[in-house]
Structures are given as structure tokens and as C-alpha cells.
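Listing of model-v9.txt, compact mmCIF, C-alpha atoms
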# COMPACT_ATOMS: atom_id res chain seq x y z
CA MET A 1 -12.85 -86.78 39.07
CA LEU A 2 -9.96 -86.35 41.47
CA PHE A 3 -8.77 -89.06 43.84
CA ALA A 4 -6.30 -88.90 46.70
CA LEU A 5 -4.09 -91.95 47.10
CA LEU A 6 -3.06 -92.14 50.76
CA CYS A 7 -0.15 -94.55 50.92
CA LYS A 8 1.40 -95.73 54.18
CA ASP A 9 4.84 -97.38 54.07
CA LYS A 10 5.55 -100.63 55.85
CA PRO A 11 7.72 -100.04 58.93
CA GLY A 12 11.42 -100.56 58.27
CA HIS A 13 11.08 -100.28 54.48
CA LEU A 14 12.87 -96.97 53.86
CA ASN A 15 15.51 -98.91 51.90
CA VAL A 16 12.79 -100.20 49.52
CA ARG A 17 11.57 -96.62 49.03
CA MET A 18 15.06 -95.33 48.26
CA GLU A 19 15.96 -98.21 45.92
CA THR A 20 12.68 -97.87 44.00
CA ARG A 21 12.55 -94.06 43.97
CA PRO A 22 13.97 -93.54 40.43
CA THR A 23 11.36 -95.78 38.80
CA HIS A 24 8.62 -94.30 41.02
CA LEU A 25 9.60 -90.79 39.85
CA ASP A 26 9.62 -91.95 36.22
CA TYR A 27 6.11 -93.32 36.73
CA LEU A 28 4.87 -90.04 38.26
CA ASN A 29 6.55 -88.03 35.50
CA GLY A 30 4.64 -90.13 32.95
CA LEU A 31 1.34 -89.47 34.76
CA ASN A 32 2.21 -85.78 34.87
CA ALA A 33 2.99 -85.66 31.15
CA GLU A 34 -0.43 -87.10 30.33
CA GLY A 35 -2.19 -84.69 32.73
CA THR A 36 -3.31 -87.39 35.18
CA LEU A 37 -1.09 -86.36 38.11
CA LYS A 38 -2.21 -83.28 40.01
CA ILE A 39 0.03 -83.27 43.12
CA ALA A 40 2.32 -85.72 44.87
CA GLY A 41 4.83 -85.93 47.68
CA PRO A 42 5.93 -87.97 50.65
CA PHE A 43 4.63 -87.97 54.19
CA LEU A 44 7.44 -87.47 56.71
CA ASP A 45 7.86 -89.00 60.14
CA ASP A 46 9.05 -87.05 63.21
CA ASP A 47 12.66 -87.56 62.10
CA GLY A 48 11.96 -86.07 58.66
CA LYS A 49 12.20 -89.42 56.87
CA ALA A 50 9.65 -90.47 54.25
CA CYS A 51 7.00 -92.83 55.64
CA GLY A 52 4.25 -92.70 53.00
CA SER A 53 2.92 -90.80 50.01
CA LEU A 54 0.08 -88.50 49.04
CA ILE A 55 -0.74 -88.62 45.35
CA VAL A 56 -3.71 -86.84 43.79
CA VAL A 57 -4.74 -88.07 40.35
CA GLU A 58 -7.53 -87.44 37.89
CA ALA A 59 -9.34 -90.61 36.88
CA GLU A 60 -12.72 -91.66 35.52
CA SER A 61 -13.55 -93.85 38.52
CA LYS A 62 -12.32 -95.07 41.88
CA GLU A 63 -11.38 -98.35 40.20
CA ALA A 64 -9.26 -96.49 37.63
CA ALA A 65 -7.55 -94.55 40.41
CA ARG A 66 -6.88 -97.83 42.26
CA ALA A 67 -5.33 -99.23 39.08
CA LEU A 68 -2.99 -96.23 38.93
CA ALA A 69 -2.02 -96.84 42.57
CA ASP A 70 -1.42 -100.54 41.91
CA ALA A 71 0.80 -99.73 38.91
CA ASP A 72 3.11 -97.50 40.99
CA PRO A 73 6.57 -99.06 41.28
CA TYR A 74 6.44 -98.49 45.05
CA ALA A 75 3.31 -100.66 45.26
CA LYS A 76 4.85 -103.31 43.00
CA ALA A 77 7.97 -103.38 45.20
CA GLY A 78 5.84 -104.07 48.30
CA LEU A 79 6.63 -100.74 49.99
CA PHE A 80 3.10 -99.91 51.10
CA GLU A 81 1.40 -101.30 54.17
CA SER A 82 -1.85 -99.76 52.96
CA VAL A 83 -3.24 -97.62 50.15
CA GLU A 84 -6.50 -95.77 50.65
CA VAL A 85 -8.26 -94.26 47.62
CA GLN A 86 -10.55 -91.33 48.43
CA THR A 87 -12.55 -89.07 46.14
CA PHE A 88 -11.06 -85.58 46.49
CA ASN A 89 -12.67 -82.16 45.99
CA TRP A 90 -9.94 -79.55 45.43
CA VAL A 91 -11.48 -76.32 46.74
CA PHE A 92 -8.69 -73.95 47.83
CA ASN A 93 -5.56 -72.90 45.91
CA LYS A 94 -6.46 -74.98 42.90
CA PRO A 95 -4.41 -73.86 39.89
CA GLU A 96 -6.27 -72.45 36.93
CA ALA A 97 -6.96 -75.08 34.27
Would you put the structure from the file into C-alpha cells?
Amino acid sequence: MLFALLCKDKPGHLNVRMETRPTHLDYLNGLNAEGTLKIAGPFLDDDGKACGSLIVVEAESKEAARALADADPYAKAGLFESVEVQTFNWVFNKPEA
């Protein structure tokens, strides 16, 4: 099953995002290598600065997807104000398996 991780940054924490970015990217690259990561990228505020993340992962359950979100270095660094885990149905423009 696919799950969307909707992550909202805490206000004033752009420095935490930037300092933690290399380990966050390493984490996502690891998920990608194992086929778990489907798509990821930051949300941008009106000034074009990152203010959250959208990550879509494949997992066996919502709990497993939540565990992936909790293991993200951004989450461990306290960047996120909230993380919502939603089941996702990729209908349009899905790449061929």
C-alpha cells in the first residue's frame, strides 16, 4: 500500500532543516534503493523557502509508514510540527512498475 507523509515544519526551524538535510537525503536515498520511496519533495512557502515535506512510501500498514516517518532524521531533529500519514491511491501519471 502507498502512504503519503504530510510533514509540516515548525515555524522558525529552517536552520534545523538545512543542518539536517544531508542525513535526511541519505535516509531517503536508502528508502529509494530498497524500493520503499515513491516520491518526495519539500513544500514551499510564499517566499520559496521549504516549510514542510511530502513523502510517498510503500509500506505494509499505516503503522509501518508511521515508523518510516518517525525514523526520518528531520523528525528525530524535531523539525516537524506535525506529520499526517494518509493512505494514498496513485491514479494519474503513475510510472510503470
With 6 Å of padding per side, what axis-aligned box (centre and edge lengths, Å, one decimal) covers all the listed atoms of range 49-54 of chain A? Give it as lines of an AutoDock Vina configuration file.
center_x = 6.1
center_y = -90.7
center_z = 53.0
size_x = 24.1
size_y = 16.3
size_z = 19.8
Open item on the list: Residues near range 5-10 of chain A, anyone? I mean within 10 Å using all atoms listed in the file, not counting same-chain ones fewer than 6 positions away, as a ChimeraX atom specification.
Closed with: /A:16-17,40,42-43,50-57,65-66,68-69,74-75,78-88
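Distance-wise, CA of Pro73 in chain A and CA of Tyr27 in chain A end up 7.3 Å apart.
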Task: Which residue of A:Thr20, A:Asn93, A:Asn32, A:Asn15 approaches Glu58 in chain A most closely, using only C-alpha atoms - done: A:Asn32
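Candidate residues A:Asp45, A:His24, A:Ile39, A:Glu63 were compared for distance to Trp90 in chain A, and the nearest is A:Ile39, using only C-alpha atoms.
Across the structure, CA of Ala67 in chain A and CA of Lys94 in chain A are spaced 24.6 Å apart.
Of the listed residues A:Leu2, A:Ala71, A:Val91, A:Met18, the one whose atoms come nearest to Lys38 in chain A is A:Leu2, with distances taken using only C-alpha atoms.
CA of Glu60 in chain A lies 22.4 Å from CA of Lys76 in chain A.
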